[in-house]
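First up is the structure itself, then whatever we jot down about it.
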Protein chains: 2
Amino acid sequence: MTGAEVLLRTLVAHGVEVCFANPGTSEMHFVAALDRVPAMRGVLCLFEGVCSGAADGYARMAGKPAATLLHLGPGLANGLANFHNARKARSPIVSLIGEHSTKHLAYDAPLTSDIAAFAGTVSPEIHRLPSAAEIGPTAARVIAAACRYPGRIAHLIIPADFSWSEGGPVGEVSPPEPPPLPVVPSLGGEGNWGLLLGGQTARGRGLALAARLAAVGWNVFIDRNASRVEMGRGGFQPERIAYFPGPAQAQLAGLTDLVLVEAKAPVSFFGYPDEASYLAPATCRIHEVSTPEQDGLAALESLTAGLPEAPLEDPPPLLPPASGPLTLAAIGQAIAALLPAGSIISDEMVSSGPPVLAALRHAPRFDYLPVTGGSIGQGLPVAVGAAIACPDRKVVVLEGDGSALYTPQSWWTMARENLDVVTVIFANRRYQILDIEMRRTGANGFGPWAEAMVDISTPLLDFVKIAEGLGVPAVRVETVDAFVEHFGAAMRQRGPRVIEAVISAP
Amino acid sequence: MTGAEVLLRTLVAHGVEVCFANPGTSEMHFVAALDRVPAMRGVLCLFEGVCSGAADGYARMAGKPAATLLHLGPGLANGLANFHNARKARSPIVSLIGEHSTKHLAYDAPLTSDIAAFAGTVSPEIHRLPSAAEIGPTAARVIAAACRYPGRIAHLIIPADFSWSEGGPVGEVSPPEPPPLPVVPSLGGEGNWGLLLGGQTARGRGLALAARLAAVGWNVFIDRNASRVEMGRGGFQPERIAYFPGPAQAQLAGLTDLVLVEAKAPVSFFGYPDEASYLAPATCRIHEVSTPEQDGLAALESLTAGLPEAPLEDPPPLLPPASGPLTLAAIGQAIAALLPAGSIISDEMVSSGPPVLAALRHAPRFDYLPVTGGSIGQGLPVAVGAAIACPDRKVVVLEGDGSALYTPQSWWTMARENLDVVTVIFANRRYQILDIEMRRTGANGFGPWAEAMVDISTPLLDFVKIAEGLGVPAVRVETVDAFVEHFGAAMRQRGPRVIEAVISAP
């Protein structure tokens, strides 16, 4: 049995059953072994950033790692931006990287590079193989490292000759370590208390417990960059921390105490000349009852011991909007009205987000996958992975037009795998967030050359053609009626669709 | 004057007049300063790999650096694959990377990462700013580092507050250092002599001098990964070293001595189970008369002192092919017949290359920009940069269909800047090189799952729609007549065009 086959058998023995791949010559034995280990599903992506982002989305929804298979240092390089996002999401990922054969490494061939240097930018977990015979046990250690709560990227660098040589035993499975239990002091009482939820506590039982604290007067918030948040009617919906410092500071103003559960004290996305980076009031005491590496759910159980179940105050459901200009608010209303319960939303709307997210509080319960690391190009790949993790749930990507162009190759994999993913492109034809950031950073003088760096309308991007060219049916809509018609139809059908929504006003 | 403006003025004072940019919040002051320094041309790219590849192509043709402007660690990450190729091409590039403000760096914001770790994967030249007042002199040192012969990537990490604070003086220009002169021994005489040309000697005067050695019996070759090679009728055309070990070893068989000029001893691209990585005969003596960092042209002048000018033996020009199936040979013949003299060809044909390149020996003289680092996705961006460096020359990209999908965003910039670039897509609808590599690496069993990792025909990629969606007129051709018609028309017109050539046979 080749080392490649031993590796595959070790992966599937540990429940790693999907591999997002963009292979090259050094990975041919791994590819060949796929036919001998049918429990592993190879998913071809035409760009490496799709692989890494899909593995992130898969991990967020499946709660376990997928593998990625990338080709040497430069192939890994193309996956790093979405690995950065996955690192900030704390997603478990088994990152397999093919390397030249050990003999060939002595020569400085064109594709030779320092793979560990690339890998180290997103994770210190870089595992090497002492021999082909060690591939099984080493892979088992890599998987265990990836799965250590809450999750991380763990790399395995695989010289080609260790793939094609005789491998040793399949790596043994040992039960995963549970997350460490935090020691929770007695908290509450005098003062104005806040609670910030991250990690596993931004959904399900975590939210239900947090609602009990809200019912007794705590101010509950969600970490802006929590990897997965449950939203919509049918459950507690705390506010997320706002993007810009001013509104975020307003949310936290007056708190005397802020309790962190699998979250860190909130900081702003960017620094600005005359604004704060640290968002809580200077006088606010911070209580880290659970780090992101501890069992925050246990901490919440402890914090809420004795508190009664909280009554649910749901916002009303919405009807689809009447005719009118295709504003962000109208799009949000339409999505909230038409989204099936149990959907998954991958959000990379950037500047278009706030009005849409406000409306989505009225949608039936859904899982929300937000931006985590801020590197643009995650929205579409994360949806690929989420759809593979949850084949029975509708996945909707809410995507900026500028953002969509970093990893559009995702659409091809959606078509290839017939994934049930509907993409809504918010076509405002600008890097519109930069309009705002330009003013906020105090950069004056939006002359024609600066304007050219944020204007993406020349030439006009035609997302219908781009998506169709990559195999996904697509339509452009410019009115509310057309959006409601096509988004509604997409919700009733299965399979990938793209809707380019030309925004007429904020 | 802001630090950003001082930086821009320092760049243009040193002749760095083009900046391939994909900016974000941290780079807003640089963007704003573009309007105050009109000598700098900002070129917006919708993906960072286009920026880095375009800077590589620009450097290869202009012989001086462009700047790239990327956003934080993850933005840089997306540019690394083509920076890897630029590193192997030894292209000078001034890599500007925005960083969070120094104050904001204390907080672990979502986009915080170790920028120097990303940067170090492709160059040890990583410059930091001690203060905004030092931005001019520091930038001058970065430019000097990039330009040290033959060229390298030099990074400058720019915290946002150093861009928005008051800058100091513009960096002073000092004359560039000439490349060191090698000491060339007296060579030749007994034995079977070979000469391997790289760097600046693979064109112009270098080839003319090498022809004199060929005329006295030397075997002259071109480094397979030389960054820029002059080819076609009207000058000496040595063979390039072949891609696979067997044919390359056959080229070099029987040599007693191999003289290296700005080149290294040839090694194969990949290692295979039972084949050599080192390609020259074991008994062949290697004479490194010029390293890639020395003046190889001076070495050739010395080697050829006293030898007469060599007569030119040109292959005959070709006529366009008659009707028939659209084979690679027919496409090559058509391009050779219709290409205007003085064109530039960016080649990323991968498996489709050999028959086309054989025909191109009959084309009028052109500059050929080959794969250097082997990371796929350079063909289109390199053409963007070459077209900006040489606005009066026709640029043709010969691009595999699989390869085209790594950086298709290049087409948008071609349309935006109305660049005179014609792309020919070789649509064989497979990662066909992997068919070959799968067999060569001894990976048996091309079952349906392995097949799925090299088949890109499901769904079919429609390059006409993809290119049109990105703003470039496009056509699909399936016959020789149609290829000749549309390629010929594209050669007579100006502006970007895409021709998807559906290959009917090798």
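The way I read the labels, and the way they are meant: chains A, B, ... in the order of the structure tokens, residue 1 as the first residue of every chain, and ligand 1 as the first ligand shown, with later ones counted on from there.
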
- [ ] Could you find all residues in stretch 210-430 of chain B that DSSP calls strand (DSSP E or B) from the backbone, and write them as number ranges by chain?
- [x] B: 219-222, 229-231, 233, 239-240, 257-261, 267, 278, 285-290, 325, 327, 344-348, 364, 366-369, 395-400, 421-427, 430

Can you tell me, as a tab-separated table (two decimals) with C-alpha atoms, in the first residue's frame, what residues are no more than 8 Å from stretch 137-148 of chain A when counting only C-alpha atoms, ignoring any on the same chain fewer than 3 positions away?
chain	number	residue	atom	x	y	z
A	7	LEU	CA	-2.64	8.69	4.36
A	10	THR	CA	-5.90	7.37	8.10
A	11	LEU	CA	-7.93	10.44	7.18
A	14	HIS	CA	-10.66	9.79	11.67
A	64	LYS	CA	-14.98	18.62	12.00
A	65	PRO	CA	-12.15	19.10	9.53
A	92	PRO	CA	-10.13	22.77	12.12
A	93	ILE	CA	-8.48	22.01	8.77
A	94	VAL	CA	-6.06	19.28	7.71
A	125	GLU	CA	1.32	23.37	13.36
A	127	HIS	CA	4.27	18.51	10.51
A	128	ARG	CA	6.95	16.77	8.45
A	129	LEU	CA	7.40	13.13	7.61
A	134	GLU	CA	5.51	7.07	9.43
A	151	GLY	CA	-9.79	24.00	15.99
A	152	ARG	CA	-6.82	25.15	13.93
A	153	ILE	CA	-5.08	24.59	10.65
A	154	ALA	CA	-2.57	21.74	10.86
A	155	HIS	CA	-0.22	21.28	7.92
A	156	LEU	CA	1.36	18.07	6.68
A	169	PRO	CA	0.41	1.22	9.25
A	170	VAL	CA	-2.73	3.32	9.11
A	171	GLY	CA	-2.67	5.90	11.93
A	172	GLU	CA	-4.58	4.86	15.03
A	173	VAL	CA	-7.64	6.76	16.14
A	176	PRO	CA	-10.65	13.62	20.81
A	177	GLU	CA	-9.79	15.65	23.88
A	179	PRO	CA	-12.20	21.35	25.68

TODO: Within 8 Å of B:Gln294, counting only C-alpha atoms, which residues show up once you throw out same-chain ones fewer than 2 positions away? Write them as a ChimeraX atom specification, please.
DONE: /B:149-150,179-182,262,290-292,296

Expected file contents, prior selection, N, CA and C atoms, as a short mmCIF file (atom, residue, chain, number, x, y, z; two decimals), in the first residue's frame:
data_model
loop_
_atom_site.label_atom_id
_atom_site.label_comp_id
_atom_site.auth_asym_id
_atom_site.auth_seq_id
_atom_site.Cartn_x
_atom_site.Cartn_y
_atom_site.Cartn_z
N TYR B 149 21.54 44.22 -9.67
CA TYR B 149 21.49 43.27 -10.78
C TYR B 149 21.46 41.82 -10.31
N PRO B 150 20.63 40.98 -10.90
CA PRO B 150 19.70 41.25 -12.01
C PRO B 150 18.35 41.79 -11.56
N PRO B 179 26.33 45.66 -12.85
CA PRO B 179 26.57 44.28 -12.38
C PRO B 179 28.06 44.01 -12.30
N PRO B 180 28.51 43.22 -11.34
CA PRO B 180 29.93 42.91 -11.23
C PRO B 180 30.43 42.18 -12.48
N LEU B 181 31.65 42.50 -12.87
CA LEU B 181 32.24 41.84 -14.04
C LEU B 181 32.82 40.50 -13.62
N PRO B 182 32.47 39.43 -14.32
CA PRO B 182 33.07 38.14 -13.98
C PRO B 182 34.51 38.05 -14.52
N GLU B 262 25.07 33.43 -16.74
CA GLU B 262 23.84 33.86 -16.05
C GLU B 262 22.82 32.72 -15.99
N SER B 290 29.72 33.12 -15.59
CA SER B 290 29.00 34.26 -15.02
C SER B 290 27.84 33.72 -14.21
N THR B 291 27.77 34.11 -12.96
CA THR B 291 26.59 33.76 -12.17
C THR B 291 25.44 34.64 -12.65
N PRO B 292 24.22 34.31 -12.21
CA PRO B 292 23.09 35.18 -12.59
C PRO B 292 23.25 36.60 -12.06
N GLY B 296 26.86 38.80 -17.58
CA GLY B 296 27.08 37.70 -18.50
C GLY B 296 27.41 38.16 -19.91
#

TODO: Write out as a VMD selection string which residues come within 10 Å of A:Leu76 when counting only C-alpha atoms, dropping same-chain ones fewer than 4 positions away.
DONE: (chain A and resid 22 48 to 49 51 to 52 68 to 72 80 to 81 83 95 to 98 115 118 to 119) or (chain B and resid 77 80 to 81)

Can you write just those residues out, C-alpha atoms, as an mmCIF file, in the first residue's frame?
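Written output follows (again_4.cif):
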data_model
loop_
_atom_site.group_PDB
_atom_site.id
_atom_site.type_symbol
_atom_site.label_atom_id
_atom_site.label_comp_id
_atom_site.auth_asym_id
_atom_site.auth_seq_id
_atom_site.Cartn_x
_atom_site.Cartn_y
_atom_site.Cartn_z
ATOM 1 C CA ASN A 22 -6.094 21.487 -6.650
ATOM 2 C CA GLU A 48 -6.483 27.116 -4.291
ATOM 3 C CA GLY A 49 -8.279 29.924 -2.451
ATOM 4 C CA CYS A 51 -10.040 24.926 -1.459
ATOM 5 C CA SER A 52 -8.992 26.719 1.726
ATOM 6 C CA THR A 68 -7.151 20.480 1.533
ATOM 7 C CA LEU A 69 -4.635 19.192 -1.004
ATOM 8 C CA LEU A 70 -2.418 21.880 -2.494
ATOM 9 C CA HIS A 71 0.604 21.799 -4.757
ATOM 10 C CA LEU A 72 3.950 22.922 -3.321
ATOM 11 C CA LEU A 80 -3.277 31.445 2.410
ATOM 12 C CA ALA A 81 -5.732 34.359 2.374
ATOM 13 C CA PHE A 83 -6.485 30.087 5.571
ATOM 14 C CA SER A 95 -3.806 21.034 5.196
ATOM 15 C CA LEU A 96 -1.942 18.560 2.970
ATOM 16 C CA ILE A 97 0.828 20.061 0.869
ATOM 17 C CA GLY A 98 2.733 18.125 -1.748
ATOM 18 C CA ILE A 115 6.942 25.449 2.080
ATOM 19 C CA PHE A 118 4.441 29.730 3.610
ATOM 20 C CA ALA A 119 2.640 27.370 5.990
ATOM 21 C CA ALA B 77 -0.668 36.355 0.334
ATOM 22 C CA LEU B 80 2.771 35.476 -3.486
ATOM 23 C CA ALA B 81 2.403 32.811 -6.187
#

Open item on the list: To one decimal place in Å, what is the distance between atom CA of A:Ile456 and atom CA of B:Met414?
Closed with: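 Atom-to-atom, atom CA of A:Ile456 and atom CA of B:Met414 are spaced 13.2 Å apart.
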
- [ ] Give the answer as one residue: which of A:Tyr107, A:Tyr58, A:Phe244, A:Phe236 has the shortest atom-to-atom distance to chain B, using only C-alpha atoms?
- [x]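 Smallest distance to chain B is found for A:Tyr107.
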
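Taking atom CA of B:Gly271 and atom CA of A:Phe30 as endpoints, the distance between them is 15.9 Å.
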
Open item on the list: Env of B:Ala210: 9 Å cut, atoms = only C-alpha atoms, seq-sep filter 4 positions within chain, self excluded. Answer as a list in words.
Closed with: Leu195, Leu197, Thr201, Arg205, Gly206, Ala214, Ala215, Trp218, Val220, Phe236, Pro238, Leu300, Thr304 and Ala310 of chain B

- [ ] Would you mind writing down, as a PyMOL selection string, each residue of stretch 6-106 of chain B that DSSP on the backbone assigns to helix (DSSP H, G or I)?
- [x] chain B and resi 6-13+25-36+48-62+72-89+104-106

- [ ] Considering only C-alpha atoms, return as number ranges by chain whatever protein or nucleic-acid residues lie within 10 Å of stretch 328-338 of chain A, sequence-local ones (same chain, fewer than 2 positions apart) excluded.
- [x] A: 232-233, 317-326, 340-341, 352-365, 396, 424, 426, 479-481, 483-485, 487-492, 501-506
